[in-house]
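*Asks:* Sending over run_28.cif (mmCIF, C-alpha atoms and all ligand atoms).
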```cif
data_input
loop_
_atom_site.group_PDB
_atom_site.id
_atom_site.type_symbol
_atom_site.label_atom_id
_atom_site.label_comp_id
_atom_site.auth_asym_id
_atom_site.auth_seq_id
_atom_site.Cartn_x
_atom_site.Cartn_y
_atom_site.Cartn_z
ATOM 1 C CA MET A 1047 -142.028 -26.657 -201.709
ATOM 2 C CA LYS A 1048 -141.720 -30.449 -201.891
ATOM 3 C CA LYS A 1049 -138.560 -31.909 -200.474
ATOM 4 C CA THR A 1050 -136.271 -34.921 -200.863
ATOM 5 C CA VAL A 1051 -135.979 -36.768 -197.570
ATOM 6 C CA LEU A 1052 -133.599 -39.627 -196.720
ATOM 7 C CA VAL A 1053 -134.672 -41.785 -193.777
ATOM 8 C CA THR A 1054 -132.375 -44.511 -192.447
ATOM 9 C CA GLY A 1055 -133.927 -47.591 -190.841
ATOM 10 C CA ALA A 1056 -137.241 -47.260 -192.665
ATOM 11 C CA THR A 1057 -138.127 -50.969 -192.763
ATOM 12 C CA ALA A 1058 -139.870 -50.786 -189.365
ATOM 13 C CA GLY A 1059 -140.939 -48.593 -186.476
ATOM 14 C CA PHE A 1060 -140.127 -44.870 -186.417
ATOM 15 C CA GLY A 1061 -138.324 -44.839 -189.765
ATOM 16 C CA LYS A 1062 -141.199 -46.440 -191.635
ATOM 17 C CA ALA A 1063 -143.726 -44.061 -190.023
ATOM 18 C CA ILE A 1064 -141.467 -41.062 -190.736
ATOM 19 C CA ALA A 1065 -141.099 -42.044 -194.417
ATOM 20 C CA ILE A 1066 -144.866 -42.498 -194.728
ATOM 21 C CA LYS A 1067 -145.551 -39.145 -193.028
ATOM 22 C CA PHE A 1068 -143.211 -37.231 -195.370
ATOM 23 C CA ALA A 1069 -144.625 -39.070 -198.399
ATOM 24 C CA SER A 1070 -148.207 -38.380 -197.312
ATOM 25 C CA GLU A 1071 -147.311 -34.676 -197.288
ATOM 26 C CA GLY A 1072 -146.167 -34.915 -200.917
ATOM 27 C CA ASN A 1073 -142.401 -35.237 -200.421
ATOM 28 C CA ARG A 1074 -140.240 -37.806 -202.178
ATOM 29 C CA VAL A 1075 -138.363 -40.195 -199.958
ATOM 30 C CA ILE A 1076 -135.208 -42.288 -199.995
ATOM 31 C CA ILE A 1077 -135.637 -45.164 -197.569
ATOM 32 C CA THR A 1078 -132.912 -47.431 -196.238
ATOM 33 C CA GLY A 1079 -132.491 -50.613 -194.228
ATOM 34 C CA ARG A 1080 -131.025 -54.103 -194.457
ATOM 35 C CA ARG A 1081 -134.274 -55.960 -195.239
ATOM 36 C CA ASN A 1082 -134.659 -55.516 -198.972
ATOM 37 C CA GLU A 1083 -138.069 -57.147 -199.251
ATOM 38 C CA ARG A 1084 -139.539 -54.714 -196.742
ATOM 39 C CA LEU A 1085 -137.892 -51.796 -198.562
ATOM 40 C CA ASN A 1086 -139.429 -52.883 -201.876
ATOM 41 C CA GLU A 1087 -142.862 -53.256 -200.288
ATOM 42 C CA LEU A 1088 -142.658 -49.787 -198.749
ATOM 43 C CA VAL A 1089 -141.447 -48.189 -202.002
ATOM 44 C CA GLU A 1090 -144.458 -49.699 -203.739
ATOM 45 C CA GLU A 1091 -146.895 -48.692 -200.978
ATOM 46 C CA ILE A 1092 -145.644 -45.096 -200.956
ATOM 47 C CA GLN A 1093 -145.724 -44.739 -204.750
ATOM 48 C CA ASN A 1094 -149.212 -46.211 -205.050
ATOM 49 C CA LYS A 1095 -150.838 -44.600 -202.035
ATOM 50 C CA TYR A 1096 -149.277 -41.139 -201.998
ATOM 51 C CA GLU A 1097 -148.288 -40.775 -205.654
ATOM 52 C CA VAL A 1098 -144.798 -39.530 -204.819
ATOM 53 C CA GLU A 1099 -141.486 -41.038 -205.853
ATOM 54 C CA ALA A 1100 -139.671 -43.383 -203.501
ATOM 55 C CA LEU A 1101 -136.212 -44.922 -203.754
ATOM 56 C CA GLY A 1102 -135.035 -47.885 -201.666
ATOM 57 C CA LEU A 1103 -131.368 -48.340 -200.706
ATOM 58 C CA CYS A 1104 -130.436 -51.611 -199.049
ATOM 59 C CA PHE A 1105 -127.326 -51.426 -196.859
ATOM 60 C CA ASP A 1106 -125.970 -51.972 -193.379
ATOM 61 C CA VAL A 1107 -125.067 -48.656 -191.729
ATOM 62 C CA ARG A 1108 -122.259 -50.449 -189.838
ATOM 63 C CA SER A 1109 -120.299 -50.931 -193.055
ATOM 64 C CA GLU A 1110 -118.587 -47.753 -194.221
ATOM 65 C CA ASP A 1111 -118.026 -49.293 -197.677
ATOM 66 C CA GLN A 1112 -121.714 -50.185 -198.038
ATOM 67 C CA VAL A 1113 -122.741 -46.696 -196.912
ATOM 68 C CA ILE A 1114 -120.409 -44.978 -199.374
ATOM 69 C CA SER A 1115 -121.418 -47.104 -202.360
ATOM 70 C CA ALA A 1116 -125.136 -46.831 -201.543
ATOM 71 C CA ILE A 1117 -124.975 -43.031 -201.328
ATOM 72 C CA GLU A 1118 -122.858 -42.881 -204.492
ATOM 73 C CA SER A 1119 -125.488 -44.991 -206.266
ATOM 74 C CA ILE A 1120 -128.207 -42.372 -205.693
ATOM 75 C CA PRO A 1121 -129.167 -41.036 -209.137
ATOM 76 C CA GLU A 1122 -128.007 -37.440 -209.794
ATOM 77 C CA ASN A 1123 -131.563 -36.122 -209.898
ATOM 78 C CA TRP A 1124 -132.140 -37.453 -206.351
ATOM 79 C CA LYS A 1125 -129.001 -35.988 -204.834
ATOM 80 C CA ASN A 1126 -130.583 -32.668 -203.849
ATOM 81 C CA ILE A 1127 -131.409 -34.111 -200.433
ATOM 82 C CA ASP A 1128 -133.091 -31.573 -198.136
ATOM 83 C CA ILE A 1129 -133.550 -33.650 -194.995
ATOM 84 C CA LEU A 1130 -131.546 -36.536 -193.528
ATOM 85 C CA VAL A 1131 -133.214 -38.470 -190.716
ATOM 86 C CA ASN A 1132 -130.583 -40.556 -188.903
ATOM 87 C CA ASN A 1133 -132.956 -43.069 -187.357
ATOM 88 C CA ALA A 1134 -131.438 -46.558 -187.891
ATOM 89 C CA GLY A 1135 -130.518 -47.956 -184.516
ATOM 90 C CA LEU A 1136 -131.122 -50.571 -181.906
ATOM 91 C CA ALA A 1137 -130.705 -51.817 -178.390
ATOM 92 C CA SER A 1138 -129.290 -55.307 -178.025
ATOM 93 C CA GLY A 1139 -129.703 -56.832 -174.578
ATOM 94 C CA LEU A 1140 -130.581 -55.275 -171.213
ATOM 95 C CA ASP A 1141 -127.939 -56.647 -168.886
ATOM 96 C CA PRO A 1142 -125.853 -55.264 -166.049
ATOM 97 C CA ILE A 1143 -122.384 -54.263 -167.183
ATOM 98 C CA GLN A 1144 -120.787 -57.209 -165.377
ATOM 99 C CA THR A 1145 -122.719 -59.781 -167.441
ATOM 100 C CA GLY A 1146 -123.239 -57.848 -170.682
ATOM 101 C CA SER A 1147 -122.164 -59.380 -173.984
ATOM 102 C CA THR A 1148 -119.417 -57.690 -175.970
ATOM 103 C CA GLU A 1149 -121.240 -58.806 -179.133
ATOM 104 C CA ASP A 1150 -124.290 -56.761 -178.054
ATOM 105 C CA TRP A 1151 -122.035 -53.798 -177.210
ATOM 106 C CA ASP A 1152 -120.369 -53.902 -180.636
ATOM 107 C CA LYS A 1153 -123.764 -53.997 -182.371
ATOM 108 C CA MET A 1154 -125.048 -50.941 -180.502
ATOM 109 C CA ILE A 1155 -121.930 -48.834 -180.822
ATOM 110 C CA ASP A 1156 -121.350 -49.805 -184.462
ATOM 111 C CA THR A 1157 -124.961 -49.062 -185.441
ATOM 112 C CA ASN A 1158 -126.053 -46.165 -183.242
ATOM 113 C CA VAL A 1159 -122.791 -44.241 -183.218
ATOM 114 C CA LYS A 1160 -120.535 -45.277 -186.102
ATOM 115 C CA GLY A 1161 -123.437 -45.971 -188.498
ATOM 116 C CA LEU A 1162 -124.900 -42.532 -187.856
ATOM 117 C CA LEU A 1163 -121.482 -40.995 -188.478
ATOM 118 C CA TYR A 1164 -120.849 -42.926 -191.721
ATOM 119 C CA VAL A 1165 -124.208 -41.894 -193.180
ATOM 120 C CA SER A 1166 -123.772 -38.284 -192.048
ATOM 121 C CA SER A 1167 -120.291 -38.131 -193.507
ATOM 122 C CA ALA A 1168 -121.613 -39.269 -196.908
ATOM 123 C CA ILE A 1169 -124.587 -36.879 -196.924
ATOM 124 C CA ILE A 1170 -123.153 -33.689 -195.379
ATOM 125 C CA PRO A 1171 -121.153 -32.757 -198.543
ATOM 126 C CA LEU A 1172 -124.409 -32.892 -200.547
ATOM 127 C CA LEU A 1173 -126.111 -30.542 -198.054
ATOM 128 C CA MET A 1174 -123.095 -28.205 -197.951
ATOM 129 C CA ALA A 1175 -123.075 -27.929 -201.738
ATOM 130 C CA GLN A 1176 -126.667 -26.667 -201.531
ATOM 131 C CA LYS A 1177 -125.839 -24.346 -198.586
ATOM 132 C CA LYS A 1178 -128.918 -25.630 -196.779
ATOM 133 C CA GLY A 1179 -130.387 -28.773 -195.305
ATOM 134 C CA HIS A 1180 -131.664 -30.342 -192.128
ATOM 135 C CA ILE A 1181 -130.224 -33.288 -190.209
ATOM 136 C CA ILE A 1182 -132.487 -34.920 -187.657
ATOM 137 C CA ASN A 1183 -130.856 -37.414 -185.311
ATOM 138 C CA ILE A 1184 -133.055 -39.816 -183.379
ATOM 139 C CA GLY A 1185 -131.605 -39.882 -179.880
ATOM 140 C CA SER A 1186 -133.432 -41.125 -176.816
ATOM 141 C CA THR A 1187 -134.246 -40.335 -173.217
ATOM 142 C CA ALA A 1188 -131.537 -42.990 -172.754
ATOM 143 C CA GLY A 1189 -129.169 -40.300 -174.028
ATOM 144 C CA LYS A 1190 -130.233 -37.967 -171.231
ATOM 145 C CA GLU A 1191 -130.035 -40.198 -168.121
ATOM 146 C CA VAL A 1192 -128.593 -43.682 -167.685
ATOM 147 C CA TYR A 1193 -130.947 -46.361 -166.309
ATOM 148 C CA PRO A 1194 -130.202 -49.731 -164.666
ATOM 149 C CA SER A 1195 -128.755 -52.212 -167.185
ATOM 150 C CA GLY A 1196 -128.954 -49.536 -169.900
ATOM 151 C CA ASN A 1197 -125.172 -48.961 -169.733
ATOM 152 C CA VAL A 1198 -123.950 -49.316 -173.346
ATOM 153 C CA TYR A 1199 -127.254 -48.477 -175.082
ATOM 154 C CA CYS A 1200 -127.407 -45.320 -172.936
ATOM 155 C CA ALA A 1201 -123.772 -44.556 -173.783
ATOM 156 C CA SER A 1202 -124.521 -44.872 -177.504
ATOM 157 C CA LYS A 1203 -127.445 -42.462 -177.207
ATOM 158 C CA HIS A 1204 -125.392 -40.051 -175.054
ATOM 159 C CA ALA A 1205 -122.978 -40.138 -177.996
ATOM 160 C CA VAL A 1206 -125.823 -39.234 -180.368
ATOM 161 C CA ASP A 1207 -126.657 -36.322 -178.046
ATOM 162 C CA ALA A 1208 -123.043 -35.091 -178.151
ATOM 163 C CA ILE A 1209 -122.613 -35.666 -181.893
ATOM 164 C CA THR A 1210 -125.824 -33.716 -182.546
ATOM 165 C CA LYS A 1211 -124.492 -30.753 -180.548
ATOM 166 C CA GLY A 1212 -121.158 -30.983 -182.361
ATOM 167 C CA MET A 1213 -122.824 -31.135 -185.773
ATOM 168 C CA ARG A 1214 -124.891 -28.051 -184.957
ATOM 169 C CA ILE A 1215 -121.783 -26.082 -184.020
ATOM 170 C CA ASP A 1216 -119.714 -27.163 -187.011
ATOM 171 C CA LEU A 1217 -122.485 -26.836 -189.607
ATOM 172 C CA LEU A 1218 -123.777 -23.493 -188.317
ATOM 173 C CA GLN A 1219 -121.815 -21.496 -190.887
ATOM 174 C CA HIS A 1220 -123.202 -23.688 -193.683
ATOM 175 C CA GLY A 1221 -126.878 -22.948 -193.037
ATOM 176 C CA ILE A 1222 -127.643 -26.551 -192.079
ATOM 177 C CA LYS A 1223 -130.153 -27.136 -189.284
ATOM 178 C CA VAL A 1224 -129.423 -29.944 -186.817
ATOM 179 C CA THR A 1225 -132.165 -31.319 -184.584
ATOM 180 C CA GLN A 1226 -132.243 -34.145 -182.072
ATOM 181 C CA ILE A 1227 -135.550 -35.844 -181.300
ATOM 182 C CA ALA A 1228 -135.114 -37.814 -178.056
ATOM 183 C CA PRO A 1229 -138.103 -40.086 -177.411
ATOM 184 C CA GLY A 1230 -138.922 -42.202 -174.397
ATOM 185 C CA ALA A 1231 -140.556 -45.598 -174.758
ATOM 186 C CA ALA A 1232 -142.561 -46.241 -177.925
ATOM 187 C CA GLU A 1233 -143.935 -49.602 -179.032
ATOM 188 C CA THR A 1234 -142.186 -50.708 -182.232
ATOM 189 C CA GLU A 1235 -139.957 -53.705 -183.029
ATOM 190 C CA PHE A 1236 -137.382 -52.092 -180.721
ATOM 191 C CA SER A 1237 -137.991 -54.364 -177.711
ATOM 192 C CA ILE A 1238 -138.229 -57.517 -179.846
ATOM 193 C CA VAL A 1239 -134.753 -56.679 -181.142
ATOM 194 C CA ARG A 1240 -133.491 -55.697 -177.669
ATOM 195 C CA PHE A 1241 -134.672 -59.020 -176.192
ATOM 196 C CA HIS A 1242 -133.268 -61.038 -179.106
ATOM 197 C CA GLY A 1243 -136.656 -62.088 -180.466
ATOM 198 C CA ASP A 1244 -138.385 -62.841 -177.129
ATOM 199 C CA GLU A 1245 -141.837 -61.497 -178.062
ATOM 200 C CA GLN A 1246 -143.374 -62.021 -174.619
ATOM 201 C CA ARG A 1247 -140.634 -60.081 -172.858
ATOM 202 C CA ALA A 1248 -140.932 -57.366 -175.497
ATOM 203 C CA LYS A 1249 -144.699 -57.120 -174.934
ATOM 204 C CA ASP A 1250 -144.229 -56.966 -171.156
ATOM 205 C CA ALA A 1251 -142.046 -53.875 -171.558
ATOM 206 C CA TYR A 1252 -145.219 -51.926 -172.382
ATOM 207 C CA ASN A 1253 -147.447 -53.421 -169.661
ATOM 208 C CA GLY A 1254 -149.520 -51.113 -167.481
ATOM 209 C CA TYR A 1255 -149.154 -47.856 -169.415
ATOM 210 C CA GLN A 1256 -149.749 -46.366 -172.812
ATOM 211 C CA PRO A 1257 -146.455 -46.050 -174.680
ATOM 212 C CA MET A 1258 -145.969 -43.697 -177.607
ATOM 213 C CA THR A 1259 -146.374 -44.940 -181.168
ATOM 214 C CA ALA A 1260 -144.115 -44.649 -184.195
ATOM 215 C CA GLU A 1261 -146.693 -42.303 -185.707
ATOM 216 C CA ASP A 1262 -146.388 -39.965 -182.692
ATOM 217 C CA ILE A 1263 -142.665 -39.641 -183.355
ATOM 218 C CA ALA A 1264 -143.190 -39.227 -187.108
ATOM 219 C CA GLU A 1265 -145.511 -36.256 -186.438
ATOM 220 C CA LEU A 1266 -142.818 -34.560 -184.337
ATOM 221 C CA VAL A 1267 -140.031 -35.227 -186.827
ATOM 222 C CA TYR A 1268 -142.229 -33.809 -189.580
ATOM 223 C CA TYR A 1269 -143.228 -30.816 -187.435
ATOM 224 C CA SER A 1270 -139.581 -29.963 -186.797
ATOM 225 C CA THR A 1271 -139.129 -29.550 -190.574
ATOM 226 C CA THR A 1272 -142.098 -27.223 -191.062
ATOM 227 C CA LEU A 1273 -140.768 -24.213 -189.143
ATOM 228 C CA PRO A 1274 -139.669 -21.000 -190.864
ATOM 229 C CA THR A 1275 -136.099 -21.010 -192.196
ATOM 230 C CA HIS A 1276 -134.803 -18.906 -189.299
ATOM 231 C CA LEU A 1277 -136.058 -21.360 -186.644
ATOM 232 C CA CYS A 1278 -134.492 -24.651 -185.565
ATOM 233 C CA ILE A 1279 -135.636 -27.071 -182.888
ATOM 234 C CA ASN A 1280 -132.304 -28.078 -181.356
ATOM 235 C CA ASP A 1281 -133.457 -30.788 -178.991
ATOM 236 C CA LEU A 1282 -136.873 -32.234 -178.374
ATOM 237 C CA VAL A 1283 -137.357 -34.733 -175.536
ATOM 238 C CA VAL A 1284 -140.718 -36.468 -175.701
ATOM 239 C CA THR A 1285 -142.319 -39.183 -173.590
ATOM 240 C CA SER A 1286 -145.771 -40.607 -173.032
ATOM 241 C CA LEU A 1287 -147.759 -39.111 -170.148
ATOM 242 C CA ALA A 1288 -146.826 -42.132 -168.024
ATOM 243 C CA GLN A 1289 -143.052 -41.585 -168.327
ATOM 244 C CA ALA A 1290 -141.154 -38.920 -166.335
ATOM 245 C CA ASN A 1291 -137.620 -39.618 -167.575
ATOM 246 C CA SER A 1292 -135.523 -42.467 -168.928
ATOM 247 C CA TYR A 1293 -136.072 -44.704 -165.884
ATOM 248 C CA LEU A 1294 -139.389 -43.751 -164.262
ATOM 249 C CA ILE A 1295 -142.571 -45.107 -165.818
ATOM 250 C CA HIS A 1296 -145.835 -45.107 -163.867
ATOM 251 C CA ARG A 1297 -147.499 -48.495 -164.452
ATOM 252 C CA THR A 1298 -150.982 -49.327 -163.169
HETATM 253 P P1 LIG B 1301 -137.297 -50.816 -184.907
HETATM 254 O O1 LIG B 1301 -136.561 -52.033 -184.488
HETATM 255 O O2 LIG B 1301 -138.763 -50.894 -185.081
HETATM 256 O O3 LIG B 1301 -136.637 -50.218 -186.252
HETATM 257 C C1 LIG B 1301 -135.244 -50.082 -186.349
HETATM 258 C C2 LIG B 1301 -134.847 -49.740 -187.767
HETATM 259 O O4 LIG B 1301 -133.424 -49.561 -187.812
HETATM 260 C C3 LIG B 1301 -135.197 -50.828 -188.754
HETATM 261 O O5 LIG B 1301 -135.685 -50.268 -189.931
HETATM 262 C C4 LIG B 1301 -133.863 -51.510 -189.021
HETATM 263 O O6 LIG B 1301 -133.816 -51.980 -190.372
HETATM 264 C C5 LIG B 1301 -132.896 -50.333 -188.871
HETATM 265 N N1 LIG B 1301 -131.543 -50.819 -188.564
HETATM 266 C C6 LIG B 1301 -131.110 -51.433 -187.435
HETATM 267 N N2 LIG B 1301 -129.833 -51.796 -187.549
HETATM 268 C C7 LIG B 1301 -129.439 -51.407 -188.804
HETATM 269 C C8 LIG B 1301 -128.239 -51.525 -189.530
HETATM 270 N N3 LIG B 1301 -127.138 -52.106 -189.013
HETATM 271 N N4 LIG B 1301 -128.179 -51.022 -190.783
HETATM 272 C C9 LIG B 1301 -129.268 -50.437 -191.324
HETATM 273 N N5 LIG B 1301 -130.429 -50.284 -190.687
HETATM 274 C C10 LIG B 1301 -130.526 -50.781 -189.447
HETATM 275 O O7 LIG B 1301 -136.931 -49.714 -183.793
HETATM 276 P P2 LIG B 1301 -137.436 -48.198 -183.590
HETATM 277 O O8 LIG B 1301 -138.172 -47.719 -184.770
HETATM 278 O O9 LIG B 1301 -138.066 -48.112 -182.267
HETATM 279 O O10 LIG B 1301 -136.022 -47.482 -183.476
HETATM 280 C C11 LIG B 1301 -135.607 -46.457 -184.362
HETATM 281 C C12 LIG B 1301 -134.642 -45.549 -183.640
HETATM 282 O O11 LIG B 1301 -135.291 -44.941 -182.529
HETATM 283 C C13 LIG B 1301 -133.411 -46.253 -183.056
HETATM 284 O O12 LIG B 1301 -132.294 -45.404 -183.226
HETATM 285 C C14 LIG B 1301 -133.757 -46.375 -181.578
HETATM 286 O O13 LIG B 1301 -132.614 -46.435 -180.772
HETATM 287 C C15 LIG B 1301 -134.524 -45.090 -181.374
HETATM 288 N N6 LIG B 1301 -135.432 -45.030 -180.226
HETATM 289 C C16 LIG B 1301 -136.427 -45.952 -180.048
HETATM 290 C C17 LIG B 1301 -137.301 -45.823 -178.984
HETATM 291 C C18 LIG B 1301 -138.376 -46.812 -178.723
HETATM 292 O O14 LIG B 1301 -138.843 -46.889 -177.565
HETATM 293 N N7 LIG B 1301 -138.864 -47.547 -179.701
HETATM 294 C C19 LIG B 1301 -137.207 -44.683 -178.065
HETATM 295 C C20 LIG B 1301 -136.113 -43.792 -178.336
HETATM 296 C C21 LIG B 1301 -135.285 -43.953 -179.392
HETATM 297 P P3 LIG B 1301 -133.212 -53.402 -190.843
HETATM 298 O O15 LIG B 1301 -133.350 -54.354 -189.690
HETATM 299 O O16 LIG B 1301 -134.031 -53.732 -192.044
HETATM 300 O O17 LIG B 1301 -131.801 -53.082 -191.173
HETATM 301 C C1 LIG B 1302 -135.425 -46.450 -176.372
HETATM 302 C C2 LIG B 1302 -136.285 -46.256 -175.176
HETATM 303 O O1 LIG B 1302 -136.524 -46.570 -172.693
HETATM 304 O O2 LIG B 1302 -135.665 -48.448 -173.936
HETATM 305 O O3 LIG B 1302 -134.436 -45.503 -176.494
HETATM 306 O O4 LIG B 1302 -134.283 -46.540 -173.564
HETATM 307 S S1 LIG B 1302 -135.651 -46.995 -173.785
#
```
Here is the file; what I need is its structure written in the form of structure tokens.
*Replies:*
Amino acid sequence: MKKTVLVTGATAGFGKAIAIKFASEGNRVIITGRRNERLNELVEEIQNKYEVEALGLCFDVRSEDQVISAIESIPENWKNIDILVNNAGLASGLDPIQTGSTEDWDKMIDTNVKGLLYVSSAIIPLLMAQKKGHIINIGSTAGKEVYPSGNVYCASKHAVDAITKGMRIDLLQHGIKVTQIAPGAAETEFSIVRFHGDEQRAKDAYNGYQPMTAEDIAELVYYSTTLPTHLCINDLVVTSLAQANSYLIHRT
């Protein structure tokens, strides 16, 4: 049966690929992000190419007020959301703790941790009312082991790991599946954002090995939603062949 899927951070990278994957399989999608022009373009692309409905919601996940009013603005006939993909997130900077910027730290914690919580808090009542649903949180290998200069980004993704486990426990009695997908390095706009727009440094992050793509992650997110009702992938850690864990990449 076709589903209604809400994907946060769908203006780029994983979120865009995830929205396209669900749409290409005939599902209708609600896509979110701060860049309205990109949202409008993707809504149009999805409607034209896959002939499914798409709804764009422009808001900053760091603002609880914006999250609440955006979710409230969803038309009634779209509120039967089946799947929430908490994907919006970022790294800002890659500095040792002693020289890190508190502005970068605020951005990461406010987006990756508090943003995920605000969106979840607004959507969980809709899932509970239906007595079913699936929340997929995009964690990271950075949420499994800390790497040099990863400090606060790693902490934010360790928080996603813990919140995912907590959600699964608390929502168990409500029939809601909770999955974490924890990818290693994938080439998206992630490193451009992490290095504050330094495109060369971002490109160098993927030198000497084949990183994953956004489409690889979209396939796995989609797969995790295709299992029989009685099955739930709790935690899926995935890396490219060249990556052993959060800090060891074999470069040639
Ligand atoms: P991109 O930079 O390509 O995409 C990030 C998305 O998040 C954009 O759509 C952006 O939209 C959205 N976003 C960021 N901040 C906010 C905000 N405050 N409010 C609303 N939306 C926001 O990165 P990726 O696709 O790579 O990253 C997606 C997720 O995957 C993140 O959580 C990241 O931590 C995680 N991840 C990435 C890995 C990688 O190697 N690429 C590996 C493991 C995990 P906009 O700017 O329009 O708001
Ligand atoms: C994003 C991948 O390796 O930069 O979570 O932490 S990494």
*Asks:* For ligand LIG 1301 (chain B), collect every residue having any atom at a distance of at most 8 Å from a ligand atom (counting only C-alpha atoms and all ligand atoms); output as an NGL selection string.
*Replies:* :A and (1054-1062 or 1078-1082 or 1084-1085 or 1104-1108 or 1132-1137 or 1153 or 1156-1158 or 1161 or 1184-1188 or 1203 or 1228-1239 or 1258 or 1260)
*Asks:* Any chance you could work out the residue set of the PyMOL selection byres (((chain A and resi 1175) around 12) and not hetatm) here, as number ranges by chain?
*Replies:* A: 1125-1128, 1169-1174, 1176-1179, 1220-1222
*Asks:* Nearest to ligand LIG 1302 (chain B) among A:Pro1274, A:Pro1257, A:Gly1243, A:Gly1146, with distances taken over all atoms listed in the file: which residue is it?
*Replies:*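 Ranked by minimum distance to ligand LIG 1302 (chain B), first place goes to A:Pro1257.
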*Asks:* Env of segment 1261-1273 of chain A: 10 Å cut, atoms = only C-alpha atoms, seq-sep filter 2 positions within chain, self excluded. Answer as number ranges by chain.
*Replies:* A: 1059-1068, 1071, 1128-1129, 1131, 1179-1184, 1223, 1225-1229, 1232, 1258-1259, 1275-1282, 1284-1286
*Asks:* One decimal, Å: what's the distance from atom CA of Gln1093 of chain A over to atom CA of Gly1072 of chain A, could you say?
*Replies:*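 Atom CA of Gln1093 of chain A sits 10.6 Å away from atom CA of Gly1072 of chain A.
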*Asks:* So what does the PyMOL selection byres (((chain A and resi 1199) around 9) and not hetatm) actually pick up in this one, as a CSV table (one decimal) with C-alpha atoms, in the frame of the given file?
*Replies:*
```csv
chain,number,residue,atom,x,y,z
A,1136,LEU,CA,-131.1,-50.6,-181.9
A,1137,ALA,CA,-130.7,-51.8,-178.4
A,1138,SER,CA,-129.3,-55.3,-178.0
A,1139,GLY,CA,-129.7,-56.8,-174.6
A,1140,LEU,CA,-130.6,-55.3,-171.2
A,1151,TRP,CA,-122.0,-53.8,-177.2
A,1154,MET,CA,-125.0,-50.9,-180.5
A,1155,ILE,CA,-121.9,-48.8,-180.8
A,1158,ASN,CA,-126.1,-46.2,-183.2
A,1188,ALA,CA,-131.5,-43.0,-172.8
A,1189,GLY,CA,-129.2,-40.3,-174.0
A,1192,VAL,CA,-128.6,-43.7,-167.7
A,1195,SER,CA,-128.8,-52.2,-167.2
A,1196,GLY,CA,-129.0,-49.5,-169.9
A,1197,ASN,CA,-125.2,-49.0,-169.7
A,1198,VAL,CA,-124.0,-49.3,-173.3
A,1200,CYS,CA,-127.4,-45.3,-172.9
A,1201,ALA,CA,-123.8,-44.6,-173.8
A,1202,SER,CA,-124.5,-44.9,-177.5
A,1203,LYS,CA,-127.4,-42.5,-177.2
A,1204,HIS,CA,-125.4,-40.1,-175.1
```
*Asks:* Would you compute, for all listed atoms of ligand LIG 1302 (chain B), the axis-aligned bounding box grown by 6 Å on each side, and then report its centre and edge lengths in Å rounded to one decimal, as JSON?
*Replies:*
```
{"center_x": -135.4, "center_y": -47.0, "center_z": -174.6, "size_x": 14.2, "size_y": 14.9, "size_z": 15.8}
```
*Asks:* From the options A:Tyr1193, A:Trp1124, A:Tyr1164, A:Tyr1255, which residue's atoms come nearest to ligand LIG 1302 (chain B), counting all atoms listed in the file?
*Replies:* A:Tyr1193
*Asks:* Can you tell me how far atom CA of Arg1240 of chain A sits from atom O3 of ligand LIG 1302 (chain B), in Å to one decimal?
*Replies:*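 Those two atoms sit 10.3 Å apart.
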*Asks:* Applying the PyMOL selection byres (((chain A and resi 1114) around 12) and not hetatm) to the file I just gave you, which residues come out? Please list them as a PyMOL selection string.
*Replies:* chain A and resi 1103+1105-1113+1115-1120+1161+1163-1169
*Asks:* Would you mind reading off the distance between atom CA of Asn1123 of chain A and atom CA of Gln1219 of chain A, one decimal, in Å?
*Replies:*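 Interatomic distance, atom CA of Asn1123 of chain A to atom CA of Gln1219 of chain A: 25.9 Å.
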*Asks:* Rank nothing, just name the residue among A:Glu1122, A:Asp1152, A:Glu1083, A:Glu1191 nearest to ligand LIG 1302 (chain B), using only C-alpha atoms and all ligand atoms.
*Replies:* A:Glu1191
*Asks:* Taking into account all atoms listed in the file, which residue in the set A:Ser1292, A:Asn1094, A:Thr1298, A:Gln1246 is nearest to ligand LIG 1302 (chain B)?
*Replies:*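 Result for the nearest residue to ligand LIG 1302 (chain B): A:Ser1292.
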*Asks:* For ligand LIG 1302 (chain B), which residue among A:Lys1049, A:Lys1190, A:Arg1074, A:Lys1095 is the nearest when counting all atoms listed in the file?
*Replies:* A:Lys1190
*Asks:* Which is closest to ligand LIG 1302 (chain B) among A:Ser1070, A:Glu1245, A:Leu1101, A:Val1206, if we use all atoms listed in the file?
*Replies:*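 So, comparing all the options, the nearest one is A:Val1206.
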*Asks:* Can you patch up segment 1261-1266 of chain A, filling it in to N, CA and C atoms, and show the result as a CSV table (one decimal), in the frame of the given file?
*Replies:*
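Heads up, here's the output in out-v1.csv:
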```csv
chain,number,residue,atom,x,y,z
A,1261,GLU,N,-146.0,-43.4,-185.0
A,1261,GLU,CA,-146.7,-42.3,-185.7
A,1261,GLU,C,-146.6,-41.0,-184.9
A,1262,ASP,N,-146.6,-41.2,-183.5
A,1262,ASP,CA,-146.4,-40.0,-182.7
A,1262,ASP,C,-145.0,-39.3,-183.0
A,1263,ILE,N,-144.0,-40.2,-183.1
A,1263,ILE,CA,-142.7,-39.6,-183.4
A,1263,ILE,C,-142.6,-39.0,-184.8
A,1264,ALA,N,-143.2,-39.7,-185.7
A,1264,ALA,CA,-143.2,-39.2,-187.1
A,1264,ALA,C,-143.8,-37.8,-187.2
A,1265,GLU,N,-144.9,-37.6,-186.4
A,1265,GLU,CA,-145.5,-36.3,-186.4
A,1265,GLU,C,-144.5,-35.2,-186.0
A,1266,LEU,N,-143.8,-35.5,-184.9
A,1266,LEU,CA,-142.8,-34.6,-184.3
A,1266,LEU,C,-141.6,-34.3,-185.3
```
